[in-house]
Amino acid sequence: TSAALALLGGSVAALVVWKWLSRKMIQEKMEEAQRTRDEGMKKMAKVVQQFREQVPSVQTDAILSLPLLELTGRLQEGSLSPRTVLYTYLEKALEVTQQTNCLRHFIPECEEQLREIQRHKEKGLLYGIPVSIKDHIGHKGHLATCGLVQCLGTPMEEDSVLVKVLKRQGAIPFAMTNVPQSLFSYDCSNPIFGQTLNPFNPQKSPGGSSGGEGALIAGGGSILGIGSDIGGSIRLPSSFCGLCGLKPTAERLRWVLGLPFQPSSWQIPCAVGPMARDVDSLALCMKALLCQEMFQLDPSVPPIPFNEEVYSSSTPLRVGYYDTDGYFPLPPCMRRAVQETRRALQAAGHQLVPFSPPRIPYVMTELFFKTFFADGGRAWLDVFTGDIVDPGLKPQVNSCKMPRLVKQLLALLLKPLVSPYVAMISTCRSVKEMWNHHHQIQVYRSQFITQWKELQLDVVLCPVLGPAFTTGYPGKLLTAISSTMLYNVLNFPAGVVPVSTVTEADEEELKLYQGCCDDPWDRTLKQAVSGAVGLPVAVQCVALPWQEELCLRFMKEGETLSRDK
């Protein structure tokens, strides 16, 4: 007996030591990544200081205030130099990241790219434009971390296709931006690089998962960014930060790694798209990316150049609209934005038609979440092996770790309250069931398009989640993304455009908000969005697959009308 006890004691001690050593190794890797990031920022500050000493007369504010179209014009004609513009934005990006912690890494090769574009015979459409890119969009020599310790070891061996095309068009990628751990969140925090804050209010989240992009661009530290979207990850930061953002049809641009785990990604694919301060910037970016270089580098991208005629058209549109999807009621200000935009569009000569998206609870639980958690979340849990889980992800991680029987019991007892977690146990138990699940997604898409066609719609106007949540709340409200998630399941182009700000009247009305049934989800949403007076309020604009130009044209219409107002 004493020998057995000694063996047990020794085993426990060994386990404790092993866990301590593992934790120590994780900590060391994280500290090394933080040191590398800090050294990069110091280099960035040093090159900016050297430029300042060489050219002390630069009119920083004047350059930073130029819209992208005007800035490209000045660079093309030579009245502004790419060098001046790059260092001006580097300086501003440093300032913004000190306030918001939005940068994951400075790209020192931007100086080589600056020299490279000046050797080109032809100036590309983005000649001399500094561009920021999301953490996981591959750049040669740099990590794609996804906020995970396991991704800290291997730098990219070559530029991603998107980065190659941006460089060919004369753009200068200069910074990589922060993301939430595993990208599966619409907050922006990870244990390695910390929490990114909203530049308009440090108590608020910038959204996610392209939250670093949102904060950097909204703070003025970048004029154009590239994000990705698999449930709202371009559109939610755009909503929270008052930006314009486009999620294209996923296959319209070169595919990139969506999440560190790939859940039936061909069923609900990750889309890559631009984020900027105005719609014209998004259109220029799409025009630059949809070029021969893109089509040659990746033959799987359909060779469809940007259709300027559709984007520039002024033909009246037939617009479907709704201000709630009947699943997760949004705060009063977001519904107000849709109704005000609807009236403005009608007054401008467009035809507005009520539209009701079908069966959103079914789409959320049976189609969207079941795609990601078809295996009960096991593949997702694997990415946290040898890692520290970010507090914002702990509710989802813990629910995935529960024994199946416990999850089934909870689902039965608490079904109205735990719908996303019900999905985590609604696993596909066989290949046949998986094929059937994929078939259900196709059937739903077909039914949705039929309803759209019966109403003869060109586009749809609808709400987007907002205003910006207080940090920490996105992890408590996974189901609140129904407004954006729908168009990932459908794979329709969808964009967000700011049209208003939160008023005192909105804040008063929020006090009366009861949501669907004044349940814990509704009360949590109320807490998440309170204290938002002055923050941006946006709407979502949607078109049918492959009609990005029409989607952008509709976004431009909403932007113009809101500015006129």
# chains A, B, ... in the order shown; residues from 1 in each chain; ligands from 1
$ residues_around --residues "range 154-168 of chain A" --least-positions-apart "2" --cutoff "7 Å" --atoms "only C-alpha atoms" --output "list in words"
Gly124, Ile137, Gly138, His139, Lys140, Gly141, His142, Leu143, Cys151, Leu152, Gly170, Ala171, Ile172, Arg254, Leu289, Glu293, Met294 and Leu297 of chain A
$ residues_around --residues "Glu549 in chain A" --least-positions-apart "3" --cutoff "7 Å" --atoms "only C-alpha atoms" --output "list in words"
Asn307, Val310, Tyr311, Leu552 and Arg553 of chain A
$ residues_around --residues "Ile133 in chain A" --least-positions-apart "4" --cutoff "12 Å" --atoms "only C-alpha atoms" --output "MDAnalysis selection string"
chainID A and resid 102:107 137:139 142 144 159:160 162:163 166 171:179 210:214 216:217 222:228 272:276
$ closest_residue --among "A:Leu282, A:Leu183, A:Met434, A:Cys517" --to "Gly326 in chain A" --atoms "only C-alpha atoms"
A:Cys517
$ select_by_dssp --residues "range 355-557 of chain A" --states "strand (DSSP E)" --output "list in words"
Val459, Val460, Leu461, Cys462, Ala494, Gly495, Val496, Val497, Pro498, Val499, Ser500, Thr501, Pro536, Val537, Ala538, Val539, Gln540, Cys541 and Val542 of chain A
$ residues_around --residues "Gly232 in chain A" --least-positions-apart "6" --cutoff "8 Å" --atoms "only C-alpha atoms" --output "MDAnalysis selection string"
chainID A and resid 186 208 481 484:485 488
$ residues_around --residues "Pro498 in chain A" --least-positions-apart "2" --cutoff "6 Å" --atoms "only C-alpha atoms" --output "MDAnalysis selection string"
chainID A and resid 242 537:538
$ residues_around --residues "Ile26 in chain A" --least-positions-apart "4" --cutoff "9 Å" --atoms "only C-alpha atoms" --output "PyMOL selection string"
chain A and resi 21-22+30-31+149+386-388
$ residues_around --residues "Glu559 in chain A" --least-positions-apart "4" --cutoff "12 Å" --atoms "only C-alpha atoms" --output "PyMOL selection string"
chain A and resi 242-244+277-280+337+341+344-345+495-500+538-541+552-555+563-565
$ write_last_selection --atoms "C-alpha atoms" --output "compact mmCIF listing (two decimals), in the first residue's frame"
# COMPACT_ATOMS: atom_id res chain seq x y z
CA GLY A 242 -17.74 53.93 -38.18
CA LEU A 243 -16.04 52.60 -41.32
CA CYS A 244 -17.11 51.27 -44.70
CA ARG A 277 -13.26 55.52 -44.55
CA ASP A 278 -15.54 55.81 -47.59
CA VAL A 279 -17.17 53.66 -50.27
CA ASP A 280 -15.09 55.05 -53.16
CA ALA A 337 -30.79 53.90 -39.00
CA THR A 341 -32.11 55.33 -44.74
CA ALA A 344 -34.07 58.89 -47.69
CA LEU A 345 -33.80 56.28 -50.48
CA GLY A 495 -21.24 45.83 -46.97
CA VAL A 496 -21.58 48.19 -44.03
CA VAL A 497 -21.78 51.98 -44.24
CA PRO A 498 -22.10 54.44 -41.32
CA VAL A 499 -25.15 56.70 -41.61
CA SER A 500 -25.65 58.24 -38.16
CA ALA A 538 -24.40 51.86 -39.55
CA VAL A 539 -26.63 49.94 -41.95
CA GLN A 540 -25.93 46.83 -44.04
CA CYS A 541 -26.33 46.69 -47.83
CA LEU A 552 -20.94 49.11 -53.55
CA ARG A 553 -23.13 51.35 -55.70
CA PHE A 554 -25.98 50.88 -53.18
CA MET A 555 -23.62 51.56 -50.27
CA ARG A 563 -23.95 63.00 -45.68
CA ASP A 564 -26.48 65.23 -47.42
CA LYS A 565 -28.77 64.87 -44.39
$ closest_residue --among "A:Ile449, A:Leu15, A:Val533, A:Leu561" --to "Phe492 in chain A" --atoms "only C-alpha atoms"
A:Ile449
$ atom_distance --atom1 "CA of Glu557 in chain A" --atom2 "CA of Arg318 in chain A"
12.8 Å
$ atom_distance --atom1 "CA of Ile230 in chain A" --atom2 "CA of Ile268 in chain A"
7.2 Å
$ select_by_dssp --residues "range 140-333 of chain A" --states "alpha helix (DSSP H)" --output "mmCIF file with N, CA and C atoms, in the first residue's frame"
data_model
loop_
_atom_site.group_PDB
_atom_site.id
_atom_site.type_symbol
_atom_site.label_atom_id
_atom_site.label_comp_id
_atom_site.auth_asym_id
_atom_site.auth_seq_id
_atom_site.Cartn_x
_atom_site.Cartn_y
_atom_site.Cartn_z
ATOM 1 N N VAL A 161 -1.178 35.684 -52.243
ATOM 2 C CA VAL A 161 -1.568 36.238 -53.549
ATOM 3 C C VAL A 161 -2.080 37.672 -53.399
ATOM 4 N N LEU A 162 -2.887 37.917 -52.377
ATOM 5 C CA LEU A 162 -3.432 39.269 -52.159
ATOM 6 C C LEU A 162 -2.319 40.294 -51.986
ATOM 7 N N VAL A 163 -1.323 39.947 -51.180
ATOM 8 C CA VAL A 163 -0.213 40.878 -50.934
ATOM 9 C C VAL A 163 0.593 41.086 -52.211
ATOM 10 N N LYS A 164 0.800 40.013 -52.994
ATOM 11 C CA LYS A 164 1.515 40.148 -54.274
ATOM 12 C C LYS A 164 0.797 41.115 -55.212
ATOM 13 N N VAL A 165 -0.542 40.992 -55.269
ATOM 14 C CA VAL A 165 -1.324 41.857 -56.173
ATOM 15 C C VAL A 165 -1.310 43.299 -55.668
ATOM 16 N N LEU A 166 -1.456 43.486 -54.366
ATOM 17 C CA LEU A 166 -1.387 44.845 -53.796
ATOM 18 C C LEU A 166 -0.055 45.499 -54.164
ATOM 19 N N LYS A 167 1.048 44.739 -54.009
ATOM 20 C CA LYS A 167 2.373 45.293 -54.324
ATOM 21 C C LYS A 167 2.500 45.592 -55.815
ATOM 22 N N ARG A 168 1.970 44.699 -56.660
ATOM 23 C CA ARG A 168 2.032 44.930 -58.104
ATOM 24 C C ARG A 168 1.265 46.204 -58.488
ATOM 25 N N GLY A 211 -10.582 43.448 -35.912
ATOM 26 C CA GLY A 211 -10.688 44.588 -34.995
ATOM 27 C C GLY A 211 -9.490 45.513 -35.017
ATOM 28 N N GLY A 212 -8.288 44.948 -35.208
ATOM 29 C CA GLY A 212 -7.098 45.798 -35.308
ATOM 30 C C GLY A 212 -7.187 46.726 -36.506
ATOM 31 N N GLU A 213 -7.679 46.186 -37.629
ATOM 32 C CA GLU A 213 -7.902 47.018 -38.825
ATOM 33 C C GLU A 213 -8.896 48.136 -38.521
ATOM 34 N N GLY A 214 -10.023 47.758 -37.883
ATOM 35 C CA GLY A 214 -11.051 48.752 -37.568
ATOM 36 C C GLY A 214 -10.508 49.894 -36.742
ATOM 37 N N ALA A 215 -9.767 49.565 -35.683
ATOM 38 C CA ALA A 215 -9.225 50.588 -34.787
ATOM 39 C C ALA A 215 -8.182 51.463 -35.491
ATOM 40 N N LEU A 216 -7.298 50.838 -36.266
ATOM 41 C CA LEU A 216 -6.225 51.583 -36.942
ATOM 42 C C LEU A 216 -6.784 52.563 -37.968
ATOM 43 N N ILE A 217 -7.720 52.089 -38.802
ATOM 44 C CA ILE A 217 -8.278 52.952 -39.856
ATOM 45 C C ILE A 217 -9.144 54.056 -39.248
ATOM 46 N N ALA A 218 -9.990 53.691 -38.276
ATOM 47 C CA ALA A 218 -10.861 54.687 -37.636
ATOM 48 C C ALA A 218 -10.045 55.730 -36.881
ATOM 49 N N ARG A 235 -17.561 43.349 -41.328
ATOM 50 C CA ARG A 235 -18.716 44.246 -41.157
ATOM 51 C C ARG A 235 -18.913 44.698 -39.719
ATOM 52 N N LEU A 236 -18.639 43.836 -38.740
ATOM 53 C CA LEU A 236 -18.828 44.231 -37.338
ATOM 54 C C LEU A 236 -17.814 45.281 -36.892
ATOM 55 N N PRO A 237 -16.496 45.130 -37.175
ATOM 56 C CA PRO A 237 -15.574 46.224 -36.858
ATOM 57 C C PRO A 237 -15.912 47.516 -37.607
ATOM 58 N N SER A 238 -16.403 47.388 -38.847
ATOM 59 C CA SER A 238 -16.799 48.582 -39.605
ATOM 60 C C SER A 238 -17.964 49.282 -38.912
ATOM 61 N N SER A 239 -18.919 48.498 -38.424
ATOM 62 C CA SER A 239 -20.057 49.052 -37.686
ATOM 63 C C SER A 239 -19.595 49.699 -36.382
ATOM 64 N N PHE A 240 -18.776 48.992 -35.612
ATOM 65 C CA PHE A 240 -18.339 49.489 -34.305
ATOM 66 C C PHE A 240 -17.433 50.723 -34.421
ATOM 67 N N CYS A 241 -16.688 50.824 -35.533
ATOM 68 C CA CYS A 241 -15.686 51.894 -35.685
ATOM 69 C C CYS A 241 -16.076 52.967 -36.703
ATOM 70 N N VAL A 279 -16.841 54.731 -49.316
ATOM 71 C CA VAL A 279 -17.172 53.659 -50.270
ATOM 72 C C VAL A 279 -16.291 53.728 -51.520
ATOM 73 N N ASP A 280 -15.968 54.926 -51.975
ATOM 74 C CA ASP A 280 -15.095 55.050 -53.158
ATOM 75 C C ASP A 280 -13.756 54.336 -52.953
ATOM 76 N N SER A 281 -13.259 54.342 -51.713
ATOM 77 C CA SER A 281 -11.996 53.659 -51.404
ATOM 78 C C SER A 281 -12.138 52.146 -51.583
ATOM 79 N N LEU A 282 -13.285 51.606 -51.140
ATOM 80 C CA LEU A 282 -13.531 50.170 -51.309
ATOM 81 C C LEU A 282 -13.590 49.813 -52.791
ATOM 82 N N ALA A 283 -14.273 50.665 -53.564
ATOM 83 C CA ALA A 283 -14.417 50.413 -55.004
ATOM 84 C C ALA A 283 -13.054 50.436 -55.697
ATOM 85 N N LEU A 284 -12.219 51.414 -55.342
ATOM 86 C CA LEU A 284 -10.881 51.501 -55.946
ATOM 87 C C LEU A 284 -10.047 50.266 -55.593
ATOM 88 N N CYS A 285 -10.146 49.836 -54.350
ATOM 89 C CA CYS A 285 -9.399 48.645 -53.918
ATOM 90 C C CYS A 285 -9.845 47.404 -54.695
ATOM 91 N N MET A 286 -11.165 47.230 -54.834
ATOM 92 C CA MET A 286 -11.671 46.071 -55.591
ATOM 93 C C MET A 286 -11.233 46.147 -57.054
ATOM 94 N N LYS A 287 -11.270 47.327 -57.609
ATOM 95 C CA LYS A 287 -10.847 47.533 -59.007
ATOM 96 C C LYS A 287 -9.365 47.159 -59.171
ATOM 97 N N ALA A 288 -8.554 47.549 -58.181
ATOM 98 C CA ALA A 288 -7.119 47.257 -58.238
ATOM 99 C C ALA A 288 -6.846 45.759 -58.082
ATOM 100 N N LEU A 289 -7.610 45.104 -57.197
ATOM 101 C CA LEU A 289 -7.369 43.675 -56.949
ATOM 102 C C LEU A 289 -7.879 42.779 -58.070
ATOM 103 N N GLN A 292 -5.524 41.325 -63.985
ATOM 104 C CA GLN A 292 -4.927 40.151 -64.631
ATOM 105 C C GLN A 292 -3.949 39.427 -63.714
ATOM 106 N N GLU A 293 -3.209 40.214 -62.923
ATOM 107 C CA GLU A 293 -2.236 39.619 -61.997
ATOM 108 C C GLU A 293 -2.930 38.646 -61.041
ATOM 109 N N MET A 294 -4.072 39.057 -60.486
ATOM 110 C CA MET A 294 -4.835 38.195 -59.580
ATOM 111 C C MET A 294 -5.289 36.922 -60.311
ATOM 112 N N PHE A 295 -5.833 37.104 -61.516
ATOM 113 C CA PHE A 295 -6.385 35.969 -62.260
ATOM 114 C C PHE A 295 -5.292 34.990 -62.700
ATOM 115 N N GLN A 296 -4.093 35.510 -62.969
ATOM 116 C CA GLN A 296 -2.982 34.644 -63.367
ATOM 117 C C GLN A 296 -2.377 33.908 -62.169
ATOM 118 N N LEU A 297 -2.216 34.622 -61.055
ATOM 119 C CA LEU A 297 -1.632 34.007 -59.861
ATOM 120 C C LEU A 297 -2.541 32.938 -59.270
ATOM 121 N N GLU A 308 -17.071 49.070 -63.751
ATOM 122 C CA GLU A 308 -17.208 50.494 -63.389
ATOM 123 C C GLU A 308 -18.577 51.046 -63.769
ATOM 124 N N GLU A 309 -19.124 50.529 -64.868
ATOM 125 C CA GLU A 309 -20.432 51.014 -65.351
ATOM 126 C C GLU A 309 -21.532 50.763 -64.318
ATOM 127 N N VAL A 310 -21.518 49.576 -63.703
ATOM 128 C CA VAL A 310 -22.523 49.249 -62.678
ATOM 129 C C VAL A 310 -22.329 50.142 -61.457
ATOM 130 N N TYR A 311 -21.067 50.321 -61.037
ATOM 131 C CA TYR A 311 -20.788 51.131 -59.847
ATOM 132 C C TYR A 311 -21.185 52.598 -60.047
ATOM 133 N N SER A 312 -21.003 53.102 -61.268
ATOM 134 C CA SER A 312 -21.270 54.522 -61.556
ATOM 135 C C SER A 312 -22.721 54.797 -61.950
ATOM 136 N N PRO A 332 -32.430 50.090 -30.420
ATOM 137 C CA PRO A 332 -33.285 51.027 -31.169
ATOM 138 C C PRO A 332 -32.540 51.869 -32.210
ATOM 139 N N CYS A 333 -31.309 52.298 -31.907
ATOM 140 C CA CYS A 333 -30.584 53.169 -32.850
ATOM 141 C C CYS A 333 -30.284 52.458 -34.164
#
$ closest_residue --among "A:Glu95, A:Leu393, A:Tyr513, A:Ala3" --to "Gln181 in chain A" --atoms "only C-alpha atoms"
A:Leu393
